[in-house]
file target-v5.cif (mmCIF, C-alpha atoms)
data_data
loop_
_atom_site.label_atom_id
_atom_site.label_comp_id
_atom_site.auth_asym_id
_atom_site.auth_seq_id
_atom_site.Cartn_x
_atom_site.Cartn_y
_atom_site.Cartn_z
CA MET O 2 -81.53 20.12 60.49
CA SER O 3 -81.97 16.33 60.60
CA LYS O 4 -81.18 14.04 57.66
CA ARG O 5 -84.89 13.25 57.35
CA SER O 6 -85.75 16.96 57.16
CA ILE O 7 -83.08 17.53 54.51
CA ALA O 8 -84.49 14.64 52.44
CA ARG O 9 -88.03 16.02 52.69
CA ARG O 10 -86.87 19.48 51.68
CA SER O 11 -84.97 18.06 48.71
CA LEU O 12 -88.03 16.15 47.51
CA SER O 13 -90.13 19.29 47.87
CA LEU O 14 -87.70 21.19 45.65
CA LEU O 15 -87.75 18.42 43.07
CA ARG O 16 -91.54 18.45 42.92
CA ARG O 17 -92.02 22.20 42.50
CA ARG O 18 -92.04 21.98 38.71
CA THR O 19 -93.00 18.65 37.25
CA ILE O 20 -95.03 16.97 34.51
CA PRO O 21 -98.03 14.89 35.64
CA PHE O 22 -98.41 11.21 34.87
CA THR O 23 -101.26 10.40 32.48
CA GLU O 24 -103.21 7.21 33.15
CA GLY O 25 -104.61 4.66 30.73
CA ASN O 26 -101.73 4.09 28.32
CA ARG O 27 -100.54 0.94 26.57
CA VAL O 28 -96.77 0.46 26.44
CA GLU O 29 -94.37 -1.92 24.71
CA LEU O 30 -90.63 -2.24 25.30
CA LEU O 31 -88.54 -2.49 22.12
CA ILE O 32 -85.09 -4.05 22.44
CA ASP O 33 -82.55 -3.26 19.70
CA GLY O 34 -82.92 -2.17 16.10
CA GLY O 35 -84.76 -5.16 14.63
CA PRO O 36 -88.02 -4.73 16.57
CA TYR O 37 -87.60 -0.95 16.72
CA PHE O 38 -87.38 -0.24 13.00
CA ARG O 39 -90.12 -2.74 12.17
CA LYS O 40 -92.41 -0.99 14.66
CA LEU O 41 -91.34 2.46 13.42
CA VAL O 42 -92.16 1.70 9.78
CA GLU O 43 -95.37 -0.09 10.77
CA THR O 44 -96.53 2.87 12.87
CA ILE O 45 -95.74 5.37 10.11
CA ALA O 46 -97.61 3.25 7.56
CA ALA O 47 -100.71 3.19 9.79
CA ALA O 48 -100.86 6.99 10.15
CA GLU O 49 -104.09 8.68 9.06
CA HIS O 50 -103.56 12.40 9.75
CA TYR O 51 -100.01 13.47 10.63
CA ILE O 52 -96.53 12.20 11.45
CA PHE O 53 -93.94 14.08 13.52
CA LEU O 54 -90.42 12.61 13.62
CA GLU O 55 -87.50 14.00 15.59
CA VAL O 56 -84.00 12.52 15.54
CA TYR O 57 -80.38 13.44 16.20
CA ILE O 58 -78.80 11.40 13.40
CA LEU O 59 -80.72 10.88 10.17
CA ALA O 60 -78.44 9.01 7.78
CA SER O 61 -78.86 8.56 4.05
CA ASP O 62 -77.94 4.87 4.24
CA GLU O 63 -80.08 1.74 3.85
CA THR O 64 -81.84 2.27 7.17
CA GLY O 65 -82.42 5.95 6.47
CA TRP O 66 -83.93 5.20 3.07
CA ARG O 67 -86.11 2.48 4.58
CA VAL O 68 -87.69 5.01 6.94
CA ALA O 69 -87.73 7.73 4.27
CA ARG O 70 -89.75 5.58 1.88
CA ALA O 71 -92.40 5.05 4.55
CA LEU O 72 -92.53 8.80 5.25
CA MET O 73 -92.73 9.73 1.56
CA GLU O 74 -95.55 7.26 0.94
CA ARG O 75 -97.70 8.88 3.64
CA ALA O 76 -96.79 12.41 2.52
CA ARG O 77 -97.87 11.61 -1.05
CA ALA O 78 -101.14 10.30 0.40
CA GLY O 79 -101.84 13.80 1.72
CA LEU O 80 -100.77 13.47 5.35
CA GLU O 81 -98.75 16.15 7.07
CA VAL O 82 -95.26 14.74 7.61
CA ALA O 83 -92.73 16.84 9.54
CA VAL O 84 -89.17 15.76 10.33
CA CYS O 85 -86.73 17.62 12.58
CA PHE O 86 -83.14 16.37 12.51
CA ASP O 87 -80.08 17.80 14.20
CA GLY O 88 -77.93 19.89 11.90
CA TYR O 89 -74.69 18.68 13.46
CA GLY O 90 -75.59 15.04 14.09
CA SER O 91 -76.97 14.71 10.54
CA ILE O 92 -74.26 16.76 8.85
CA ALA O 93 -73.46 13.91 6.42
CA LEU O 94 -77.03 13.72 5.08
CA SER O 95 -76.94 13.63 1.27
CA ARG O 96 -78.60 16.21 -0.96
CA ASP O 97 -80.39 13.45 -2.92
CA PHE O 98 -81.97 12.20 0.30
CA VAL O 99 -83.15 15.68 1.31
CA ASP O 100 -84.48 16.44 -2.18
CA ALA O 101 -86.43 13.18 -2.35
CA LEU O 102 -88.19 13.87 0.96
CA THR O 103 -88.91 17.50 0.08
CA GLU O 104 -90.32 16.64 -3.36
CA ALA O 105 -92.64 14.10 -1.74
CA GLY O 106 -94.06 16.84 0.51
CA VAL O 107 -92.19 16.08 3.73
CA LYS O 108 -91.43 19.20 5.78
CA LEU O 109 -87.79 19.17 6.90
CA LEU O 110 -86.28 21.24 9.69
CA PRO O 111 -82.52 20.99 10.38
CA PHE O 112 -81.95 22.03 13.99
CA ARG O 113 -79.17 24.63 14.38
CA PRO O 114 -76.99 23.52 11.47
CA PRO O 115 -73.26 24.32 11.80
CA SER O 116 -72.34 27.90 10.96
CA LEU O 117 -69.17 29.97 10.96
CA PHE O 118 -71.05 32.56 12.99
CA HIS O 119 -71.80 30.28 15.95
CA ARG O 120 -69.72 31.41 18.89
CA ARG O 121 -70.02 28.21 20.93
CA TRP O 122 -68.78 24.67 20.46
CA PRO O 123 -70.72 23.11 17.55
CA TRP O 124 -71.90 20.20 19.72
CA GLU O 125 -73.46 22.45 22.40
CA LYS O 126 -77.27 22.59 22.58
CA ARG O 127 -77.99 19.85 20.08
CA ASN O 128 -81.34 18.24 19.44
CA HIS O 129 -80.54 14.80 20.82
CA ARG O 130 -84.16 13.59 20.91
CA LYS O 131 -85.39 10.45 19.14
CA THR O 132 -89.19 10.59 18.97
CA LEU O 133 -92.13 9.73 16.74
CA VAL O 134 -95.70 11.01 17.13
CA VAL O 135 -98.51 9.73 14.91
CA ASP O 136 -102.02 11.21 14.93
CA GLY O 137 -101.66 12.28 18.58
CA ARG O 138 -102.43 8.62 19.30
CA VAL O 139 -99.20 6.62 19.33
CA ALA O 140 -95.59 7.55 20.00
CA MET O 141 -92.11 6.09 20.17
CA VAL O 142 -89.23 7.31 22.32
CA GLY O 143 -85.78 5.82 22.79
CA GLY O 144 -82.08 6.07 22.14
CA LEU O 145 -81.99 4.87 18.52
CA ASN O 146 -80.98 7.18 15.70
CA ILE O 147 -81.95 6.39 12.12
CA SER O 148 -78.81 4.84 10.68
CA ASN O 149 -77.23 1.47 9.97
CA ASP O 150 -75.40 1.59 13.31
CA TYR O 151 -78.67 0.85 15.10
CA ALA O 152 -80.24 -1.60 12.63
CA ALA O 153 -80.05 -5.34 13.27
CA LYS O 154 -77.18 -7.23 11.68
CA GLU O 155 -79.62 -9.42 9.78
CA ASP O 156 -80.97 -6.21 8.21
CA GLY O 157 -77.51 -5.08 7.15
CA GLY O 158 -76.85 -2.96 10.24
CA ARG O 159 -74.19 -2.99 12.95
CA GLY O 160 -76.52 -4.09 15.72
CA TRP O 161 -75.77 -1.59 18.47
CA ARG O 162 -77.48 -2.39 21.78
CA ASP O 163 -80.30 0.10 22.38
CA THR O 164 -83.81 0.40 23.78
CA ALA O 165 -87.02 2.27 22.97
CA VAL O 166 -90.64 2.25 24.10
CA TRP O 167 -93.86 2.38 22.08
CA VAL O 168 -96.79 4.19 23.72
CA GLU O 169 -100.48 4.38 22.82
CA GLY O 170 -102.77 6.60 24.84
CA PRO O 171 -103.52 10.09 26.12
CA ALA O 172 -99.92 10.71 27.27
CA VAL O 173 -98.90 11.07 23.61
CA ARG O 174 -100.32 14.60 23.64
CA GLN O 175 -97.50 15.62 25.97
CA LEU O 176 -94.90 14.48 23.45
CA GLU O 177 -96.75 16.15 20.59
CA ALA O 178 -96.76 19.43 22.53
CA LEU O 179 -92.97 19.21 22.92
CA PHE O 180 -92.53 18.69 19.19
CA ARG O 181 -94.86 21.53 18.21
CA HIS O 182 -93.16 23.88 20.65
CA LEU O 183 -89.75 23.19 19.14
CA TRP O 184 -91.06 23.44 15.59
CA ARG O 185 -92.71 26.84 16.20
CA ARG O 186 -89.52 28.23 17.70
CA TYR O 187 -87.09 27.06 15.03
CA ARG O 188 -89.12 26.61 11.83
CA GLY O 189 -88.08 29.93 10.21
CA ARG O 190 -89.90 29.80 6.85
CA PRO O 191 -93.72 30.25 6.69
CA SER O 192 -93.90 27.20 4.42
CA LEU O 193 -92.96 25.05 7.41
CA VAL O 194 -95.93 26.08 9.56
CA LEU O 195 -97.72 23.01 10.91
CA ARG O 196 -101.44 22.52 10.57
CA ARG O 197 -103.55 22.63 13.66
CA GLY O 198 -103.61 19.18 15.25
CA ARG O 199 -106.72 17.07 14.90
CA ARG O 200 -107.94 15.09 17.88
CA ALA O 201 -107.46 11.77 16.16
CA PHE O 202 -107.32 10.08 19.55
CA PRO O 203 -110.43 10.24 21.79
CA MET O 204 -109.29 11.95 24.98
CA ASP O 205 -111.48 9.70 27.14
CA SER O 206 -110.02 6.51 25.64
CA ARG O 207 -107.81 4.39 27.90
CA PRO O 208 -106.20 1.55 25.88
CA GLY O 209 -103.99 0.35 28.75
CA ARG O 210 -103.13 0.64 32.42
CA ALA O 211 -99.71 2.27 32.39
CA LYS O 212 -99.12 5.71 33.82
CA VAL O 213 -96.86 7.67 31.47
CA ARG O 214 -95.33 11.11 31.28
CA PHE O 215 -92.94 12.50 28.69
CA LEU O 216 -90.13 14.58 30.14
CA GLY O 217 -88.34 16.96 27.81
CA ASN O 218 -85.81 19.64 28.58
CA PHE O 219 -85.94 22.82 26.52
CA GLY O 220 -83.74 25.81 27.18
CA ARG O 221 -82.61 27.16 30.53
CA ARG O 222 -86.02 27.18 32.22
CA ASP O 223 -86.93 23.55 31.61
CA ARG O 224 -83.48 22.08 31.17
CA ALA O 225 -83.34 19.56 34.01
CA PHE O 226 -86.75 17.82 34.04
CA ILE O 227 -85.25 14.39 33.27
CA ARG O 228 -82.48 14.75 35.83
CA ARG O 229 -84.98 15.76 38.53
CA ALA O 230 -87.18 12.77 37.73
CA TYR O 231 -84.16 10.46 38.06
CA LEU O 232 -83.18 12.02 41.39
CA GLN O 233 -86.71 11.81 42.76
CA ALA O 234 -86.94 8.12 41.83
CA ILE O 235 -83.51 7.36 43.31
CA MET O 236 -84.21 9.24 46.54
CA THR O 237 -87.46 7.34 47.09
CA ALA O 238 -86.20 3.88 46.04
CA ASP O 239 -86.82 1.09 48.56
CA ARG O 240 -85.29 -2.05 47.02
CA THR O 241 -83.51 -1.81 43.68
CA ILE O 242 -81.97 0.77 41.36
CA ARG O 243 -80.90 -0.62 37.99
CA ILE O 244 -79.41 1.79 35.48
CA CYS O 245 -78.17 1.01 31.98
CA ASN O 246 -76.63 4.09 30.40
CA ALA O 247 -74.10 4.31 27.60
CA TYR O 248 -72.53 7.60 28.69
CA PHE O 249 -72.47 7.57 32.47
CA VAL O 250 -70.67 10.67 33.75
CA PRO O 251 -72.85 11.72 36.71
CA ASP O 252 -72.45 15.00 38.55
CA ARG O 253 -71.83 15.25 42.29
CA VAL O 254 -75.52 15.50 43.25
CA PHE O 255 -76.37 12.40 41.23
CA ARG O 256 -73.45 10.42 42.68
CA ARG O 257 -74.42 11.37 46.21
CA ALA O 258 -78.02 10.29 45.60
CA LEU O 259 -76.82 6.86 44.46
CA ILE O 260 -74.44 6.51 47.41
CA ARG O 261 -77.14 7.49 49.91
CA ALA O 262 -79.48 4.93 48.38
CA ALA O 263 -76.82 2.24 48.76
CA LYS O 264 -76.21 3.28 52.38
CA ARG O 265 -79.87 2.79 53.25
CA GLY O 266 -79.80 -0.76 51.89
CA VAL O 267 -80.99 -0.30 48.31
CA SER O 268 -79.34 -2.61 45.76
CA VAL O 269 -77.71 -0.30 43.19
CA GLU O 270 -76.47 -1.78 39.90
CA ILE O 271 -75.19 0.16 36.90
CA ILE O 272 -74.28 -1.05 33.40
CA VAL O 273 -72.11 1.25 31.28
CA ALA O 274 -70.58 0.90 27.84
CA GLY O 275 -67.38 -1.13 27.70
CA ALA O 276 -67.44 -1.04 23.90
CA THR O 277 -68.24 2.53 22.92
CA ASP O 278 -68.27 4.93 19.98
CA VAL O 279 -66.92 7.73 22.23
CA PRO O 280 -63.86 6.38 24.12
CA ILE O 281 -63.13 9.64 25.94
CA VAL O 282 -66.51 9.41 27.67
CA LEU O 283 -65.67 5.91 28.89
CA TRP O 284 -62.44 7.23 30.44
CA ALA O 285 -64.37 10.08 32.07
CA SER O 286 -66.93 7.60 33.39
CA ARG O 287 -64.22 5.43 34.93
CA TRP O 288 -62.93 8.41 36.91
CA TYR O 289 -65.94 7.96 39.23
CA TYR O 290 -65.85 4.18 39.62
CA GLY O 291 -63.78 4.19 42.81
CA ARG O 292 -66.19 6.34 44.79
CA LEU O 293 -69.16 4.23 43.77
CA LEU O 294 -67.44 0.87 44.32
CA LYS O 295 -66.39 1.99 47.80
CA HIS O 296 -70.07 2.12 48.78
CA LYS O 297 -70.87 -1.33 47.36
CA ILE O 298 -72.52 -0.05 44.20
CA ARG O 299 -72.10 -2.77 41.57
CA LEU O 300 -70.70 -1.61 38.23
CA TYR O 301 -70.62 -3.57 34.96
CA GLU O 302 -69.12 -2.84 31.55
CA PHE O 303 -70.93 -4.15 28.48
CA HIS O 304 -68.30 -5.30 25.95
CA GLU O 305 -70.34 -7.60 23.67
CA ARG O 306 -71.16 -4.78 21.24
CA ILE O 307 -71.55 -1.02 21.37
CA LEU O 308 -74.01 -0.04 24.08
CA HIS O 309 -76.16 3.03 23.37
CA ALA O 310 -79.20 2.48 25.63
CA LYS O 311 -80.42 4.99 28.23
CA THR O 312 -82.76 3.19 30.61
CA ALA O 313 -83.45 2.67 34.29
CA VAL O 314 -85.86 0.61 36.37
CA ILE O 315 -86.39 1.29 40.07
CA ASP O 316 -88.17 -1.05 42.49
CA GLY O 317 -89.55 -2.94 39.48
CA GLN O 318 -92.19 -0.21 39.11
CA TRP O 319 -90.71 3.00 37.69
CA VAL O 320 -89.12 2.77 34.25
CA THR O 321 -87.50 5.45 32.14
CA VAL O 322 -86.48 5.05 28.50
CA GLY O 323 -85.29 7.79 26.20
CA SER O 324 -82.45 9.78 24.70
CA SER O 325 -80.93 11.30 27.83
CA ASN O 326 -77.46 10.24 28.90
CA LEU O 327 -76.36 10.68 32.50
CA ASP O 328 -73.93 13.50 31.81
CA ASP O 329 -73.89 17.30 31.82
CA LEU O 330 -74.63 17.64 28.10
CA SER O 331 -77.92 15.79 28.41
CA ALA O 332 -78.87 17.28 31.78
CA PHE O 333 -78.21 20.94 31.05
CA ARG O 334 -77.52 21.62 27.37
CA ASN O 335 -79.03 19.27 24.82
CA LEU O 336 -82.69 18.83 23.96
CA GLU O 337 -83.73 15.41 25.25
CA VAL O 338 -86.90 13.38 25.82
CA ASN O 339 -87.46 10.44 28.15
CA ALA O 340 -90.63 8.55 28.92
CA GLY O 341 -91.29 8.04 32.61
CA ILE O 342 -93.53 5.01 33.14
CA LEU O 343 -95.25 3.49 36.17
CA CYS O 344 -96.20 -0.05 35.20
CA PRO O 345 -95.39 -3.30 37.08
CA ARG O 346 -95.56 -5.36 33.88
CA LEU O 347 -93.11 -3.12 32.02
CA GLY O 348 -90.98 -2.92 35.16
CA ALA O 349 -90.70 -6.72 35.21
CA GLU O 350 -89.71 -6.73 31.52
CA ALA O 351 -87.11 -4.02 32.09
CA ASP O 352 -85.71 -5.91 35.09
CA ALA O 353 -85.46 -9.08 33.00
CA GLN O 354 -83.66 -7.26 30.18
CA PHE O 355 -81.29 -5.67 32.68
CA ALA O 356 -80.43 -9.15 33.99
CA ILE O 357 -79.71 -10.34 30.44
CA ASP O 358 -77.42 -7.37 29.78
CA ARG O 359 -75.75 -7.78 33.18
CA ASP O 360 -74.98 -11.44 32.47
CA ARG O 361 -73.32 -10.40 29.22
CA SER O 362 -71.25 -7.72 30.95
CA GLN O 363 -68.01 -7.78 32.91
CA ARG O 364 -68.31 -6.78 36.56
CA VAL O 365 -65.81 -4.17 37.76
CA ASP O 366 -63.84 -5.72 40.63
CA ARG O 367 -62.81 -3.20 43.27
CA ALA O 368 -59.52 -4.90 44.15
CA ALA O 369 -58.47 -5.11 40.50
CA TRP O 370 -59.63 -1.55 39.98
CA LYS O 371 -57.41 -0.22 42.76
CA SER O 372 -54.36 -1.87 41.15
CA ARG O 373 -54.82 -0.39 37.66
CA SER O 374 -51.87 1.25 35.91
CA ARG O 375 -50.76 4.86 36.29
CA ILE O 376 -51.46 5.65 32.65
CA ARG O 377 -55.06 4.51 33.07
CA ARG O 378 -55.40 6.62 36.21
CA PHE O 379 -54.05 9.63 34.32
CA LEU O 380 -56.45 9.17 31.38
CA GLU O 381 -59.40 8.84 33.76
CA TRP O 382 -58.36 11.95 35.67
CA PHE O 383 -57.71 13.97 32.51
CA PHE O 384 -60.98 13.20 30.74
CA GLY O 385 -62.92 13.32 34.00
CA ARG O 386 -61.71 16.87 34.61
CA PHE O 387 -63.04 18.01 31.24
CA ARG O 388 -66.32 16.10 31.35
CA ARG O 389 -68.42 19.27 31.00
CA ILE O 390 -67.43 19.91 27.37
CA TYR O 391 -68.50 16.56 25.84
#
call {"tool": "encode", "arguments": {"input": "target-v5.cif", "output": "structure tokens"}}
result
Amino acid sequence: MSKRSIARRSLSLLRRRTIPFTEGNRVELLIDGGPYFRKLVETIAAAEHYIFLEVYILASDETGWRVARALMERARAGLEVAVCFDGYGSIALSRDFVDALTEAGVKLLPFRPPSLFHRRWPWEKRNHRKTLVVDGRVAMVGGLNISNDYAAKEDGGRGWRDTAVWVEGPAVRQLEALFRHLWRRYRGRPSLVLRRGRRAFPMDSRPGRAKVRFLGNFGRRDRAFIRRAYLQAIMTADRTIRICNAYFVPDRVFRRALIRAAKRGVSVEIIVAGATDVPIVLWASRWYYGRLLKHKIRLYEFHERILHAKTAVIDGQWVTVGSSNLDDLSAFRNLEVNAGILCPRLGAEADAQFAIDRDRSQRVDRAAWKSRSRIRRFLEWFFGRFRRIY
């Protein structure tokens, strides 16, 4: 079988189960916590019917209370407000915080909270999504949790580097369906049943020109939607592949797709976290540097502050922003959501932001890399071997 036939067969397999793009959406790229939390609170305040929020870490700090006050105000006004937070990621959430939201009428759903009766690792199958849906009309998706780590320094936060996208248009219904599906499956108590959604957004309205689809993995059957979308975009890239991902521990199939793209002349650039909140993942990521550098893939480490973004832009046209890391946990175990967007304007913005981040990063030099110490080689090998458990 020829290489061309193999490529065609691979693309056919990738396309067997997919989510369609929805036309006519308006999109806005949000860089870092300052713009993100302002837009989040503003969008919540403008809600008229219902608010669905999903997050991995919901903290009872200044940023958490800032968002909570906006949610409570709309709940007291009679809107349906539902919040799903991960039971492990939000384990430090205070009782006062939970009680205040509940008393205001906010429906709270902790996702798989830690239990002595769980047989698996507590961090397996976590709800790692970060989404907001308002009135079936507007949505937000990105990598930012609700805590001071992600808020801007001028707002009292730590200013981690992250990215999100705001979407208005018919594609939002896809994201709402993902939220409702999860809520029905895990809600437990009858008091947490959601009302039937109103069509607050006219289905024939087209506020913008962007094509958008929301990709979410859920359980074994739909667990690799985001990974397949990445692979399809990489395999069809003509000019540029630019990836910025905080936890970059790609599997063999993903690495081979990147290498094949580089071999056919595509410029492949990847920014990973140099300053990180999970050092063992950085060591695991470095285990794969040599194979990528060998094929002229350019690697950069972002050391200016902690990098938490999960974005990519390919050929200046296809953009993805969301919660999914490029590792096994995100691809096959955790619940994740990414927006896939076809929009030249947003692609140009994403390319420009990538260039800014690249200029603030340190390029990995292959010659220097090959001369690194034995202890570093051992740490990379050790954590790389156990990459599937974190």
call {"tool": "residues_around", "arguments": {"input": "target-v5.cif", "residues": "Leu145 of chain O", "least_positions_apart": "2", "cutoff": "12 Å", "atoms": "only C-alpha atoms", "output": "VMD selection string"}}
result
chain O and resid 31 to 38 41 55 to 59 64 129 to 133 141 to 143 147 to 153 160 to 166 308 to 311 322 to 325
call {"tool": "closest_residue", "arguments": {"input": "target-v5.cif", "among": "O:Gly170, O:Gly217, O:Pro114, O:Gly25", "to": "Gly341 of chain O", "atoms": "all atoms listed in the file"}}
result
O:Gly217
call {"tool": "closest_residue", "arguments": {"input": "target-v5.cif", "among": "O:Ala285, O:Ala60, O:Leu109, O:Ala76", "to": "Gly90 of chain O", "atoms": "all atoms listed in the file"}}
result
O:Ala60
call {"tool": "closest_atom_pairs", "arguments": {"input": "target-v5.cif", "of": "segment 300-359 of chain O", "to": "segment 254-257 of chain O", "cutoff": "12 Å", "atoms": "all atoms listed in the file", "output": "tab-separated table"}}
result
residue	atom	partner	partner_atom	distance
O:Leu327	CA	O:Phe255	CA	8.9
O:Asp328	CA	O:Phe255	CA	9.8
O:Asp329	CA	O:Phe255	CA	10.9
O:Ala332	CA	O:Phe255	CA	10.9
call {"tool": "write_last_selection", "arguments": {"input": "target-v5.cif", "atoms": "C-alpha atoms", "output": "mmCIF file, keeping the file's coordinate frame"}}
result
data_model
loop_
_atom_site.group_PDB
_atom_site.id
_atom_site.type_symbol
_atom_site.label_atom_id
_atom_site.label_comp_id
_atom_site.auth_asym_id
_atom_site.auth_seq_id
_atom_site.Cartn_x
_atom_site.Cartn_y
_atom_site.Cartn_z
ATOM 1 C CA LEU O 327 -76.360 10.680 32.500
ATOM 2 C CA ASP O 328 -73.930 13.500 31.810
ATOM 3 C CA ASP O 329 -73.890 17.300 31.820
ATOM 4 C CA ALA O 332 -78.870 17.280 31.780
#
call {"tool": "residues_around", "arguments": {"input": "target-v5.cif", "residues": "segment 371-374 of chain O", "least_positions_apart": "5", "cutoff": "10 Å", "atoms": "only C-alpha atoms", "output": "ChimeraX atom specification"}}
result
/O:291,366,379
call {"tool": "closest_residue", "arguments": {"input": "target-v5.cif", "among": "O:Val135, O:Leu179, O:Leu54, O:Ile242", "to": "Gln318 of chain O", "atoms": "only C-alpha atoms"}}
result
O:Ile242
call {"tool": "residues_around", "arguments": {"input": "target-v5.cif", "residues": "segment 271-276 of chain O", "least_positions_apart": "2", "cutoff": "7 Å", "atoms": "only C-alpha atoms", "output": "PyMOL selection string"}}
result
chain O and resi 243-249+269+299-304+306-308+359
call {"tool": "resolve_selection", "arguments": {"input": "target-v5.cif", "expression": "the PyMOL selection byres ((chain O and resi 211) around 8)", "output": "PyMOL selection string"}}
result
chain O and resi 24-28+209-210+212-213+342-344
call {"tool": "decode", "arguments": {"input": "target-v5.cif", "residues": "segment 327-375 of chain O", "atoms": "C-alpha atoms", "output": "PDB file, in the first residue's frame"}}
result
ATOM      1  CA  LEU O 327      -1.750  16.849  24.752  1.00  0.00           C
ATOM      2  CA  ASP O 328      -1.331  13.853  27.027  1.00  0.00           C
ATOM      3  CA  ASP O 329      -3.035  10.535  27.716  1.00  0.00           C
ATOM      4  CA  LEU O 330      -5.151  11.844  30.597  1.00  0.00           C
ATOM      5  CA  SER O 331      -6.850  14.419  28.393  1.00  0.00           C
ATOM      6  CA  ALA O 332      -7.068  12.192  25.319  1.00  0.00           C
ATOM      7  CA  PHE O 333      -8.482   9.062  26.913  1.00  0.00           C
ATOM      8  CA  ARG O 334      -9.580   9.591  30.517  1.00  0.00           C
ATOM      9  CA  ASN O 335     -10.661  13.079  31.544  1.00  0.00           C
ATOM     10  CA  LEU O 336     -13.734  14.973  30.412  1.00  0.00           C
ATOM     11  CA  GLU O 337     -12.536  17.807  28.191  1.00  0.00           C
ATOM     12  CA  VAL O 338     -13.963  20.401  25.797  1.00  0.00           C
ATOM     13  CA  ASN O 339     -12.215  22.283  23.010  1.00  0.00           C
ATOM     14  CA  ALA O 340     -13.632  24.686  20.462  1.00  0.00           C
ATOM     15  CA  GLY O 341     -12.575  23.978  16.893  1.00  0.00           C
ATOM     16  CA  ILE O 342     -12.805  27.156  14.806  1.00  0.00           C
ATOM     17  CA  LEU O 343     -12.387  27.921  11.111  1.00  0.00           C
ATOM     18  CA  CYS O 344     -11.888  31.672  10.841  1.00  0.00           C
ATOM     19  CA  PRO O 345      -9.052  33.540   9.047  1.00  0.00           C
ATOM     20  CA  ARG O 346      -9.418  36.574  11.334  1.00  0.00           C
ATOM     21  CA  LEU O 347      -9.147  34.505  14.519  1.00  0.00           C
ATOM     22  CA  GLY O 348      -6.358  32.481  12.913  1.00  0.00           C
ATOM     23  CA  ALA O 349      -4.373  35.676  12.329  1.00  0.00           C
ATOM     24  CA  GLU O 350      -4.924  36.723  15.963  1.00  0.00           C
ATOM     25  CA  ALA O 351      -3.853  33.301  17.223  1.00  0.00           C
ATOM     26  CA  ASP O 352      -0.747  33.383  15.009  1.00  0.00           C
ATOM     27  CA  ALA O 353       0.137  36.842  16.350  1.00  0.00           C
ATOM     28  CA  GLN O 354      -0.275  35.702  19.959  1.00  0.00           C
ATOM     29  CA  PHE O 355       1.836  32.626  19.268  1.00  0.00           C
ATOM     30  CA  ALA O 356       4.606  34.892  17.944  1.00  0.00           C
ATOM     31  CA  ILE O 357       4.430  36.997  21.120  1.00  0.00           C
ATOM     32  CA  ASP O 358       4.683  33.909  23.331  1.00  0.00           C
ATOM     33  CA  ARG O 359       7.470  32.464  21.173  1.00  0.00           C
ATOM     34  CA  ASP O 360       9.510  35.665  21.494  1.00  0.00           C
ATOM     35  CA  ARG O 361       9.184  35.409  25.275  1.00  0.00           C
ATOM     36  CA  SER O 362      10.269  31.765  25.278  1.00  0.00           C
ATOM     37  CA  GLN O 363      13.636  30.033  25.178  1.00  0.00           C
ATOM     38  CA  ARG O 364      14.273  27.922  22.095  1.00  0.00           C
ATOM     39  CA  VAL O 365      15.536  24.390  22.749  1.00  0.00           C
ATOM     40  CA  ASP O 366      18.892  24.036  20.988  1.00  0.00           C
ATOM     41  CA  ARG O 367      19.541  20.532  19.683  1.00  0.00           C
ATOM     42  CA  ALA O 368      23.305  20.619  20.236  1.00  0.00           C
ATOM     43  CA  ALA O 369      22.908  21.803  23.829  1.00  0.00           C
ATOM     44  CA  TRP O 370      20.147  19.270  24.335  1.00  0.00           C
ATOM     45  CA  LYS O 371      22.354  16.370  23.288  1.00  0.00           C
ATOM     46  CA  SER O 372      24.993  17.401  25.854  1.00  0.00           C
ATOM     47  CA  ARG O 373      22.662  17.549  28.876  1.00  0.00           C
ATOM     48  CA  SER O 374      23.656  15.797  32.107  1.00  0.00           C
ATOM     49  CA  ARG O 375      23.032  12.163  32.968  1.00  0.00           C
TER      50      ARG O 375
END
